[in-house]
file model-v3.cif (mmCIF, C-alpha atoms)
data_entry
loop_
_atom_site.label_atom_id
_atom_site.label_comp_id
_atom_site.auth_asym_id
_atom_site.auth_seq_id
_atom_site.Cartn_x
_atom_site.Cartn_y
_atom_site.Cartn_z
CA ALA A 885 -14.89 -6.09 -11.25
CA LYS A 886 -13.18 -6.98 -14.56
CA THR A 887 -10.16 -8.61 -12.92
CA THR A 888 -9.82 -12.23 -14.00
CA GLU A 889 -8.81 -15.15 -11.82
CA ALA A 890 -5.53 -15.52 -13.72
CA GLU A 891 -4.66 -11.83 -13.28
CA LEU A 892 -5.32 -12.03 -9.56
CA MET A 893 -3.21 -15.13 -9.09
CA ASN A 894 -0.28 -13.41 -10.81
CA PHE A 895 -0.59 -10.12 -8.93
CA ARG A 896 2.54 -9.04 -7.07
CA GLU A 897 2.99 -9.66 -3.36
CA MET A 898 2.96 -6.77 -0.88
CA LYS A 899 6.50 -6.29 0.53
CA ASP A 900 6.33 -2.99 2.40
CA LYS A 901 6.03 -3.85 6.11
CA ASN A 902 4.41 -0.52 6.88
CA MET A 903 1.70 -1.16 4.30
CA ILE A 904 1.12 -4.68 5.65
CA THR A 905 0.72 -3.22 9.15
CA ALA A 906 -1.70 -0.63 7.77
CA MET A 907 -3.74 -3.39 6.12
CA LYS A 908 -3.94 -5.31 9.41
CA PHE A 909 -5.11 -2.16 11.17
CA LEU A 910 -7.71 -1.42 8.49
CA GLN A 911 -9.02 -5.00 8.68
CA ILE A 912 -9.78 -4.54 12.37
CA LEU A 913 -11.39 -1.15 11.75
CA VAL A 914 -13.61 -2.56 8.98
CA PHE A 915 -14.87 -5.33 11.25
CA TYR A 916 -15.80 -3.03 14.10
CA ALA A 917 -17.13 -0.28 11.83
CA TYR A 918 -19.64 -2.83 10.53
CA LEU A 919 -20.77 -3.52 14.09
CA GLY A 920 -20.78 0.01 15.43
CA LYS A 921 -20.19 2.82 12.88
CA GLN A 922 -21.38 1.80 9.45
CA GLN A 923 -21.03 5.30 8.00
CA SER A 924 -17.24 4.77 8.04
CA LEU A 925 -17.37 1.37 6.38
CA PRO A 926 -17.16 2.32 2.65
CA SER A 927 -14.11 4.59 3.04
CA LEU A 928 -12.23 1.97 5.09
CA ILE A 929 -12.92 -0.77 2.55
CA VAL A 930 -11.84 1.45 -0.35
CA GLN A 931 -8.59 2.23 1.47
CA MET A 932 -7.84 -1.50 1.72
CA LEU A 933 -8.42 -1.91 -2.01
CA GLN A 934 -6.29 1.11 -2.85
CA LEU A 935 -3.34 -0.19 -0.81
CA THR A 936 -3.68 -3.58 -2.50
CA LEU A 937 -3.68 -2.08 -6.00
CA LEU A 938 -0.74 0.22 -5.22
CA HIS A 939 1.46 -2.09 -3.15
CA GLY A 940 0.39 -5.67 -3.93
CA ILE A 941 -1.56 -8.41 -2.20
CA CYS A 942 -1.26 -9.65 1.37
CA LYS A 943 -3.40 -11.82 3.59
CA GLU A 944 -5.65 -8.90 4.49
CA SER A 945 -6.32 -8.18 0.80
CA CYS A 946 -8.75 -11.09 0.63
CA TYR A 947 -10.67 -9.56 3.54
CA GLY A 948 -10.77 -6.19 1.78
CA MET A 949 -12.09 -7.77 -1.42
CA ALA A 950 -14.74 -9.78 0.41
CA SER A 951 -15.81 -6.62 2.25
CA PHE A 952 -16.06 -4.74 -1.05
CA SER A 953 -18.13 -7.60 -2.44
CA PHE A 954 -20.44 -7.22 0.55
CA LEU A 955 -20.61 -3.45 0.05
CA LEU A 956 -21.66 -3.76 -3.62
CA CYS A 957 -24.86 -5.51 -2.55
CA GLN A 958 -25.99 -2.13 -1.19
CA PHE A 959 -26.21 -0.99 -4.82
CA ASP A 960 -27.93 -4.22 -5.98
CA ASP A 961 -24.93 -5.06 -8.17
CA PHE A 962 -25.09 -8.72 -7.22
CA LYS A 963 -23.26 -10.02 -10.30
CA ALA A 964 -20.16 -7.90 -9.66
CA ALA A 965 -20.41 -8.63 -5.93
CA ASP A 966 -20.39 -12.36 -6.60
CA HIS A 967 -17.43 -12.09 -8.98
CA ILE A 968 -15.32 -10.14 -6.49
CA GLY A 969 -16.42 -12.42 -3.67
CA ARG A 970 -15.24 -15.49 -5.59
CA LEU A 971 -11.91 -13.76 -6.20
CA SER A 972 -11.56 -13.14 -2.46
CA VAL A 973 -11.98 -16.87 -1.79
CA LEU A 974 -9.32 -17.68 -4.41
CA LEU A 975 -7.00 -15.10 -2.87
CA LEU A 976 -7.66 -16.59 0.55
CA ASP A 977 -6.30 -19.93 -0.66
CA LYS A 978 -3.40 -18.32 -2.53
CA CYS A 979 -2.27 -16.40 0.56
CA LYS A 980 -2.98 -19.35 2.89
CA ALA A 981 -4.80 -16.89 5.14
CA GLU A 982 -6.67 -19.49 7.17
CA GLU A 983 -7.12 -17.03 10.04
CA TYR A 984 -9.42 -15.02 7.76
CA ARG A 985 -11.43 -17.93 6.33
CA SER A 986 -14.34 -17.47 8.72
CA HIS A 987 -14.38 -13.73 7.91
CA ILE A 988 -14.42 -14.35 4.16
CA TYR A 989 -17.05 -17.06 4.40
CA VAL A 990 -19.45 -14.95 6.45
CA LEU A 991 -19.14 -12.08 3.97
CA TYR A 992 -19.30 -14.10 0.76
CA TYR A 993 -21.38 -17.17 1.58
CA GLY A 994 -23.41 -15.43 4.26
CA CYS A 995 -24.13 -12.08 2.63
CA VAL A 996 -23.37 -12.17 -1.12
CA ARG A 997 -23.38 -15.58 -2.79
CA ALA A 998 -27.01 -16.39 -2.07
CA PHE A 999 -28.19 -13.46 -4.16
CA ASN A 1000 -26.99 -15.43 -7.19
CA VAL A 1001 -27.63 -19.05 -6.19
CA HIS A 1002 -30.05 -20.81 -3.86
CA ILE A 1003 -29.05 -20.51 -0.20
CA VAL A 1004 -28.95 -24.30 0.08
CA GLN A 1005 -25.64 -24.08 -1.82
CA CYS A 1006 -24.19 -21.86 0.91
CA ILE A 1007 -25.36 -23.51 4.12
CA ASP A 1008 -22.53 -26.09 4.34
CA LYS A 1009 -19.89 -23.43 3.64
CA LEU A 1010 -21.25 -21.36 6.50
CA LEU A 1011 -21.07 -24.30 8.88
CA HIS A 1012 -17.48 -24.96 7.76
CA GLY A 1013 -16.65 -21.30 8.37
CA TYR A 1014 -18.10 -21.56 11.86
CA HIS A 1015 -15.93 -24.58 12.72
CA VAL A 1016 -12.80 -22.91 11.29
CA GLY A 1017 -13.52 -19.80 13.35
CA MET A 1018 -13.85 -21.83 16.53
CA LEU A 1019 -10.65 -23.79 15.78
CA THR A 1020 -8.60 -20.68 15.01
CA GLY A 1021 -9.83 -18.79 18.05
CA ASN A 1022 -11.94 -16.38 16.02
CA ILE A 1023 -14.88 -16.86 18.36
CA GLU A 1024 -16.60 -13.55 17.65
CA ASN A 1025 -16.76 -14.17 13.93
CA ALA A 1026 -17.70 -17.84 14.40
CA MET A 1027 -20.73 -16.76 16.41
CA HIS A 1028 -21.59 -14.22 13.72
CA ILE A 1029 -21.59 -17.06 11.18
CA ALA A 1030 -23.74 -19.16 13.52
CA CYS A 1031 -26.37 -16.40 13.47
CA ILE A 1032 -26.49 -16.34 9.67
CA HIS A 1033 -26.53 -20.14 9.53
CA GLN A 1034 -29.58 -20.23 11.80
CA VAL A 1035 -31.39 -17.56 9.78
CA ASP A 1036 -30.71 -19.44 6.55
CA SER A 1037 -31.85 -22.70 8.15
CA PHE A 1038 -35.13 -21.00 9.07
CA LEU A 1039 -35.56 -19.61 5.55
CA LEU A 1040 -34.85 -23.07 4.10
CA GLY A 1041 -37.73 -24.50 6.09
CA ARG A 1042 -35.74 -26.45 8.66
CA HIS A 1043 -37.85 -28.54 11.03
CA LEU A 1044 -38.73 -26.13 13.82
CA ALA A 1045 -38.00 -28.54 16.68
CA GLU A 1046 -34.52 -29.27 15.27
CA LEU A 1047 -33.90 -25.57 14.68
CA LYS A 1048 -34.96 -24.67 18.23
CA ALA A 1049 -32.56 -27.24 19.68
CA GLU A 1050 -29.74 -25.81 17.58
CA LEU A 1051 -30.65 -22.25 18.53
CA ASP A 1052 -30.60 -23.21 22.21
CA SER A 1053 -27.17 -24.83 21.79
CA PHE A 1054 -25.68 -21.83 19.99
CA GLY A 1055 -27.31 -19.49 22.48
CA LYS A 1056 -25.60 -21.21 25.40
CA LEU A 1057 -22.25 -21.07 23.62
CA MET A 1058 -22.69 -17.36 22.95
CA VAL A 1059 -23.33 -16.69 26.63
CA GLU A 1060 -20.40 -18.93 27.61
CA TYR A 1061 -18.03 -17.02 25.32
CA LYS A 1062 -19.60 -13.67 26.27
CA GLN A 1063 -20.70 -12.96 22.69
CA MET A 1064 -23.76 -10.94 23.62
CA PHE A 1065 -24.09 -9.12 20.29
CA ALA A 1066 -24.56 -12.48 18.58
CA ARG A 1067 -26.79 -13.66 21.42
CA ASN A 1068 -29.08 -10.66 21.03
CA ARG A 1069 -29.05 -11.08 17.28
CA ILE A 1070 -30.51 -14.59 17.32
CA ARG A 1071 -33.02 -13.79 20.07
CA PRO A 1072 -35.73 -12.52 17.66
CA ILE A 1073 -35.64 -15.69 15.56
CA GLU A 1074 -35.59 -17.80 18.76
CA LEU A 1075 -38.80 -16.12 19.89
CA VAL A 1076 -40.44 -16.57 16.48
CA VAL A 1077 -39.52 -20.26 16.33
CA SER A 1078 -40.76 -20.84 19.87
CA ASN A 1079 -43.99 -18.99 19.08
CA LEU A 1080 -44.58 -21.11 15.98
CA LEU A 1081 -43.93 -24.34 17.89
CA ILE A 1082 -46.49 -23.56 20.59
CA SER A 1083 -48.91 -21.63 18.40
CA ASN A 1084 -52.63 -22.24 18.76
CA ASP A 1085 -53.88 -19.29 16.75
CA CYS A 1086 -52.06 -16.99 19.18
CA PRO A 1087 -51.23 -13.47 18.03
CA SER A 1088 -47.85 -12.39 16.71
CA LEU A 1089 -44.90 -11.50 18.91
CA ILE A 1090 -44.78 -7.74 18.39
CA GLY A 1091 -47.33 -6.24 20.70
CA ALA A 1092 -48.51 -6.56 24.26
CA GLN A 1093 -48.67 -10.34 23.97
CA ASN A 1094 -44.90 -10.76 24.23
CA THR A 1095 -43.06 -8.50 26.63
CA GLU A 1096 -39.67 -10.08 25.90
CA MET A 1097 -39.72 -9.03 22.24
CA GLU A 1098 -40.95 -5.59 23.26
CA ASP A 1099 -38.18 -5.30 25.86
CA LEU A 1100 -35.59 -6.40 23.28
CA LEU A 1101 -36.83 -3.74 20.87
CA GLU A 1102 -36.85 -1.08 23.59
CA GLN A 1103 -33.28 -1.90 24.62
CA ALA A 1104 -32.02 -1.93 21.02
CA THR A 1105 -33.71 1.43 20.38
CA LYS A 1106 -32.19 2.90 23.54
CA GLU A 1107 -28.71 1.76 22.43
CA ASN A 1108 -29.37 2.80 18.80
CA ASP A 1109 -28.53 -0.76 17.74
CA THR A 1110 -29.93 -0.53 14.21
CA PHE A 1111 -28.88 -4.07 13.32
CA ILE A 1112 -30.88 -5.68 16.13
CA ILE A 1113 -33.82 -3.33 15.52
CA CYS A 1114 -33.99 -4.47 11.90
CA GLN A 1115 -33.72 -8.12 12.93
CA ILE A 1116 -36.70 -7.67 15.25
CA TYR A 1117 -38.80 -6.04 12.53
CA ILE A 1118 -37.81 -8.63 9.90
CA PHE A 1119 -38.75 -11.67 11.95
CA GLY A 1120 -41.62 -9.91 13.68
CA CYS A 1121 -43.00 -9.16 10.21
CA ILE A 1122 -42.72 -12.83 9.19
CA ASP A 1123 -44.43 -13.86 12.41
CA ALA A 1124 -47.24 -11.33 12.01
CA TYR A 1125 -47.80 -12.38 8.38
CA ILE A 1126 -48.03 -16.07 9.33
CA PHE A 1127 -50.71 -15.25 11.90
CA GLY A 1128 -52.67 -13.13 9.42
CA GLU A 1129 -51.91 -9.75 10.99
CA TYR A 1130 -51.18 -8.10 7.66
CA GLU A 1131 -51.52 -4.48 8.77
CA LEU A 1132 -49.03 -5.08 11.59
CA ALA A 1133 -46.66 -6.81 9.15
CA SER A 1134 -46.92 -3.88 6.74
CA SER A 1135 -46.29 -1.42 9.56
CA MET A 1136 -43.12 -3.24 10.58
CA ILE A 1137 -41.84 -3.19 7.00
CA GLY A 1138 -42.20 0.59 6.99
CA LYS A 1139 -40.44 0.95 10.35
CA ARG A 1140 -37.61 -1.30 9.22
CA GLN A 1141 -37.14 0.75 6.05
CA GLU A 1142 -36.88 3.93 8.11
CA VAL A 1143 -34.15 2.39 10.29
CA GLU A 1144 -32.27 1.11 7.24
CA LYS A 1145 -31.91 4.65 5.90
CA THR A 1146 -29.28 5.19 8.61
CA MET A 1147 -27.33 2.03 7.66
CA SER A 1148 -24.71 1.46 4.97
CA ARG A 1149 -26.52 -1.63 3.71
CA ARG A 1150 -30.10 -2.86 3.82
CA LEU A 1151 -30.69 -6.13 5.63
CA ILE A 1152 -32.28 -7.86 2.67
CA TYR A 1153 -32.45 -11.63 2.67
CA PHE A 1154 -31.68 -12.64 -0.89
CA GLY A 1155 -34.26 -10.43 -2.57
#

call {"tool": "encode", "arguments": {"input": "model-v3.cif", "output": "structure tokens"}}
result
Amino acid sequence: AKTTEAELMNFREMKDKNMITAMKFLQILVFYAYLGKQQSLPSLIVQMLQLTLLHGICKESCYGMASFSFLLCQFDDFKAADHIGRLSVLLLDKCKAEEYRSHIYVLYYGCVRAFNVHIVQCIDKLLHGYHVGMLTGNIENAMHIACIHQVDSFLLGRHLAELKAELDSFGKLMVEYKQMFARNRIRPIELVVSNLLISNDCPSLIGAQNTEMEDLLEQATKENDTFIICQIYIFGCIDAYIFGEYELASSMIGKRQEVEKTMSRRLIYFG
């Protein structure tokens, strides 16, 4: 965390082809460990950093640093996380690793930077990362960025009708590109936005009043999809609070916290 920008820019280049191959392999493992086996995430990220320190920097080093930045947020060390995240963006440009730009942007601007600045300063970077991902064929990551962009737009108070239209557009793209993890991830916020648009003192979404949200929660629980479960509780809690169902909102906070105990990082939205 004490590495300066100048020191990073002058760090030696990785030459060993075997180490470069190992870094490429670790990058893939880190991405899918985040989606499916978060217990393995810290050790994989540390291995990427160790190889970088021992053998020099390569394109995948910027991904390793951004991932470490993301990991530090688990320990609420947001200052160090932001510093390392900024270094990963500088390294991205130094290595001309455009194929990893969408990865770095989703980690830094989507998960780290906004703990230190207002999220309005990150929203355009996220949209740029989405477009880069689509242009470079990194569809899976582009859709992941789209999810975060929509969440941030909601938190920023985006006009609900505009947000719903954008959610519908992204949702269709996710189905078209068979990105069902991303599709399921934005479904809770879609339901909340729709509920708020048509609300006439109707109750919140979690409960017998909305079978689709209940079905989504049941399916995620069956598949042990902790990420989607937390998303449902987070936005269900917001929805319940808006409609004055404070006991239900409090209950969902407790359930979310129980699920997060099994994850490598809490799904906190900027405090």

call {"tool": "closest_residue", "arguments": {"input": "model-v3.cif", "among": "A:Lys921, A:Lys963, A:His1015, A:His939", "to": "Ala906 of chain A", "atoms": "all atoms listed in the file"}}
result
A:His939

call {"tool": "residues_around", "arguments": {"input": "model-v3.cif", "residues": "Ser945 of chain A", "least_positions_apart": "5", "cutoff": "9 Å", "atoms": "all atoms listed in the file", "output": "ChimeraX atom specification"}}
result
/A:907,911,932-933,935-936,940,950,972,975-976

call {"tool": "write_last_selection", "arguments": {"input": "model-v3.cif", "atoms": "C-alpha atoms", "output": "PDB file, in the coordinates of the input"}}
result
ATOM      1  CA  MET A 907      -3.740  -3.390   6.120  1.00  0.00           C
ATOM      2  CA  GLN A 911      -9.020  -5.000   8.680  1.00  0.00           C
ATOM      3  CA  MET A 932      -7.840  -1.500   1.720  1.00  0.00           C
ATOM      4  CA  LEU A 933      -8.420  -1.910  -2.010  1.00  0.00           C
ATOM      5  CA  LEU A 935      -3.340  -0.190  -0.810  1.00  0.00           C
ATOM      6  CA  THR A 936      -3.680  -3.580  -2.500  1.00  0.00           C
ATOM      7  CA  GLY A 940       0.390  -5.670  -3.930  1.00  0.00           C
ATOM      8  CA  ALA A 950     -14.740  -9.780   0.410  1.00  0.00           C
ATOM      9  CA  SER A 972     -11.560 -13.140  -2.460  1.00  0.00           C
ATOM     10  CA  LEU A 975      -7.000 -15.100  -2.870  1.00  0.00           C
ATOM     11  CA  LEU A 976      -7.660 -16.590   0.550  1.00  0.00           C
TER      12      LEU A 976
END

call {"tool": "resolve_selection", "arguments": {"input": "model-v3.cif", "expression": "the PyMOL selection byres ((chain A and resi 1039-1051) around 12)", "output": "MDAnalysis selection string"}}
result
chainID A and resid 998 1002:1007 1027 1030:1038 1052:1058 1066:1082 1119 1122 1153:1154

call {"tool": "closest_residue", "arguments": {"input": "model-v3.cif", "among": "A:Gln958, A:Thr905, A:Gln1103, A:Asn894", "to": "Leu974 of chain A", "atoms": "only C-alpha atoms"}}
result
A:Asn894

call {"tool": "residues_around", "arguments": {"input": "model-v3.cif", "residues": "segment 1132-1147 of chain A", "least_positions_apart": "2", "cutoff": "12 Å", "atoms": "all atoms listed in the file", "output": "PyMOL selection string"}}
result
chain A and resi 917-926+955+958+1087-1091+1101+1104-1105+1108-1130+1149-1152

call {"tool": "atom_distance", "arguments": {"input": "model-v3.cif", "atom1": "atom CA of Tyr916 of chain A", "atom2": "atom CA of Ile941 of chain A"}}
result
22.3 Å

call {"tool": "resolve_selection", "arguments": {"input": "model-v3.cif", "expression": "the PyMOL selection byres ((chain A and resi 1017) around 12)", "output": "PyMOL selection string"}}
result
chain A and resi 982-990+1010-1016+1018-1030

call {"tool": "write_last_selection", "arguments": {"input": "model-v3.cif", "atoms": "C-alpha atoms", "output": "PDB file, keeping the file's coordinate frame"}}
result
ATOM      1  CA  GLU A 982      -6.670 -19.490   7.170  1.00  0.00           C
ATOM      2  CA  GLU A 983      -7.120 -17.030  10.040  1.00  0.00           C
ATOM      3  CA  TYR A 984      -9.420 -15.020   7.760  1.00  0.00           C
ATOM      4  CA  ARG A 985     -11.430 -17.930   6.330  1.00  0.00           C
ATOM      5  CA  SER A 986     -14.340 -17.470   8.720  1.00  0.00           C
ATOM      6  CA  HIS A 987     -14.380 -13.730   7.910  1.00  0.00           C
ATOM      7  CA  ILE A 988     -14.420 -14.350   4.160  1.00  0.00           C
ATOM      8  CA  TYR A 989     -17.050 -17.060   4.400  1.00  0.00           C
ATOM      9  CA  VAL A 990     -19.450 -14.950   6.450  1.00  0.00           C
ATOM     10  CA  LEU A1010     -21.250 -21.360   6.500  1.00  0.00           C
ATOM     11  CA  LEU A1011     -21.070 -24.300   8.880  1.00  0.00           C
ATOM     12  CA  HIS A1012     -17.480 -24.960   7.760  1.00  0.00           C
ATOM     13  CA  GLY A1013     -16.650 -21.300   8.370  1.00  0.00           C
ATOM     14  CA  TYR A1014     -18.100 -21.560  11.860  1.00  0.00           C
ATOM     15  CA  HIS A1015     -15.930 -24.580  12.720  1.00  0.00           C
ATOM     16  CA  VAL A1016     -12.800 -22.910  11.290  1.00  0.00           C
ATOM     17  CA  MET A1018     -13.850 -21.830  16.530  1.00  0.00           C
ATOM     18  CA  LEU A1019     -10.650 -23.790  15.780  1.00  0.00           C
ATOM     19  CA  THR A1020      -8.600 -20.680  15.010  1.00  0.00           C
ATOM     20  CA  GLY A1021      -9.830 -18.790  18.050  1.00  0.00           C
ATOM     21  CA  ASN A1022     -11.940 -16.380  16.020  1.00  0.00           C
ATOM     22  CA  ILE A1023     -14.880 -16.860  18.360  1.00  0.00           C
ATOM     23  CA  GLU A1024     -16.600 -13.550  17.650  1.00  0.00           C
ATOM     24  CA  ASN A1025     -16.760 -14.170  13.930  1.00  0.00           C
ATOM     25  CA  ALA A1026     -17.700 -17.840  14.400  1.00  0.00           C
ATOM     26  CA  MET A1027     -20.730 -16.760  16.410  1.00  0.00           C
ATOM     27  CA  HIS A1028     -21.590 -14.220  13.720  1.00  0.00           C
ATOM     28  CA  ILE A1029     -21.590 -17.060  11.180  1.00  0.00           C
ATOM     29  CA  ALA A1030     -23.740 -19.160  13.520  1.00  0.00           C
TER      30      ALA A1030
END

call {"tool": "closest_residue", "arguments": {"input": "model-v3.cif", "among": "A:Leu928, A:Leu938, A:Met949, A:Val996", "to": "Phe962 of chain A", "atoms": "all atoms listed in the file"}}
result
A:Val996

call {"tool": "atom_distance", "arguments": {"input": "model-v3.cif", "atom1": "atom CA of Val973 of chain A", "atom2": "atom CA of Thr888 of chain A"}}
result
13.2 Å

call {"tool": "atom_distance", "arguments": {"input": "model-v3.cif", "atom1": "atom CA of Cys946 of chain A", "atom2": "atom CA of Leu913 of chain A"}}
result
15.1 Å

call {"tool": "residues_near_point", "arguments": {"input": "model-v3.cif", "point": "(-25.8, -14.5, -9.2)", "cutoff": "7 Å", "atoms": "only C-alpha atoms", "output": "list in words"}}
result
Phe962, Lys963, Asp966, Arg997, Phe999, Asn1000 and Val1001 of chain A

call {"tool": "residues_near_point", "arguments": {"input": "model-v3.cif", "point": "(-12.7, -16.4, -10.2)", "cutoff": "8 Å", "atoms": "only C-alpha atoms", "output": "PyMOL selection string"}}
result
chain A and resi 888-889+967-968+970-971+974

call {"tool": "closest_residue", "arguments": {"input": "model-v3.cif", "among": "A:Phe909, A:Phe954, A:Phe915, A:Tyr947", "to": "Tyr992 of chain A", "atoms": "only C-alpha atoms"}}
result
A:Phe954

call {"tool": "build_atoms", "arguments": {"input": "model-v3.cif", "residues": "segment 1033-1047 of chain A", "atoms": "N, CA, C and O atoms", "output": "compact mmCIF listing (two decimals), in the coordinates of the input"}}
result
# COMPACT_ATOMS: atom_id res chain seq x y z
N HIS A 1033 -26.18 -18.74 9.80
CA HIS A 1033 -26.53 -20.14 9.53
C HIS A 1033 -27.93 -20.47 10.05
O HIS A 1033 -28.71 -21.16 9.38
N GLN A 1034 -28.27 -19.97 11.23
CA GLN A 1034 -29.58 -20.23 11.80
C GLN A 1034 -30.69 -19.51 11.03
O GLN A 1034 -31.77 -20.08 10.81
N VAL A 1035 -30.41 -18.29 10.60
CA VAL A 1035 -31.39 -17.56 9.78
C VAL A 1035 -31.64 -18.30 8.48
O VAL A 1035 -32.79 -18.51 8.07
N ASP A 1036 -30.57 -18.72 7.81
CA ASP A 1036 -30.71 -19.44 6.55
C ASP A 1036 -31.45 -20.77 6.75
O ASP A 1036 -32.24 -21.18 5.89
N SER A 1037 -31.16 -21.44 7.85
CA SER A 1037 -31.85 -22.70 8.15
C SER A 1037 -33.35 -22.47 8.28
O SER A 1037 -34.17 -23.26 7.81
N PHE A 1038 -33.71 -21.36 8.92
CA PHE A 1038 -35.13 -21.00 9.07
C PHE A 1038 -35.75 -20.73 7.70
O PHE A 1038 -36.84 -21.21 7.38
N LEU A 1039 -35.05 -19.96 6.87
CA LEU A 1039 -35.56 -19.61 5.55
C LEU A 1039 -35.66 -20.83 4.63
O LEU A 1039 -36.49 -20.88 3.73
N LEU A 1040 -34.82 -21.83 4.89
CA LEU A 1040 -34.85 -23.07 4.10
C LEU A 1040 -35.95 -24.02 4.55
O LEU A 1040 -36.15 -25.07 3.95
N GLY A 1041 -36.64 -23.65 5.63
CA GLY A 1041 -37.73 -24.50 6.09
C GLY A 1041 -37.30 -25.63 7.00
O GLY A 1041 -37.94 -26.69 7.03
N ARG A 1042 -36.21 -25.43 7.73
CA ARG A 1042 -35.74 -26.45 8.66
C ARG A 1042 -36.82 -26.82 9.65
O ARG A 1042 -37.60 -25.97 10.08
N HIS A 1043 -36.87 -28.09 10.04
CA HIS A 1043 -37.85 -28.54 11.03
C HIS A 1043 -37.69 -27.69 12.29
O HIS A 1043 -36.59 -27.55 12.83
N LEU A 1044 -38.80 -27.10 12.75
CA LEU A 1044 -38.73 -26.13 13.82
C LEU A 1044 -38.17 -26.69 15.12
O LEU A 1044 -37.43 -26.01 15.83
N ALA A 1045 -38.51 -27.94 15.44
CA ALA A 1045 -38.00 -28.54 16.68
C ALA A 1045 -36.48 -28.69 16.62
O ALA A 1045 -35.77 -28.42 17.60
N GLU A 1046 -35.97 -29.13 15.46
CA GLU A 1046 -34.52 -29.27 15.27
C GLU A 1046 -33.84 -27.90 15.34
O GLU A 1046 -32.78 -27.75 15.95
N LEU A 1047 -34.47 -26.92 14.70
CA LEU A 1047 -33.90 -25.57 14.68
C LEU A 1047 -33.87 -24.97 16.09
O LEU A 1047 -32.89 -24.33 16.48
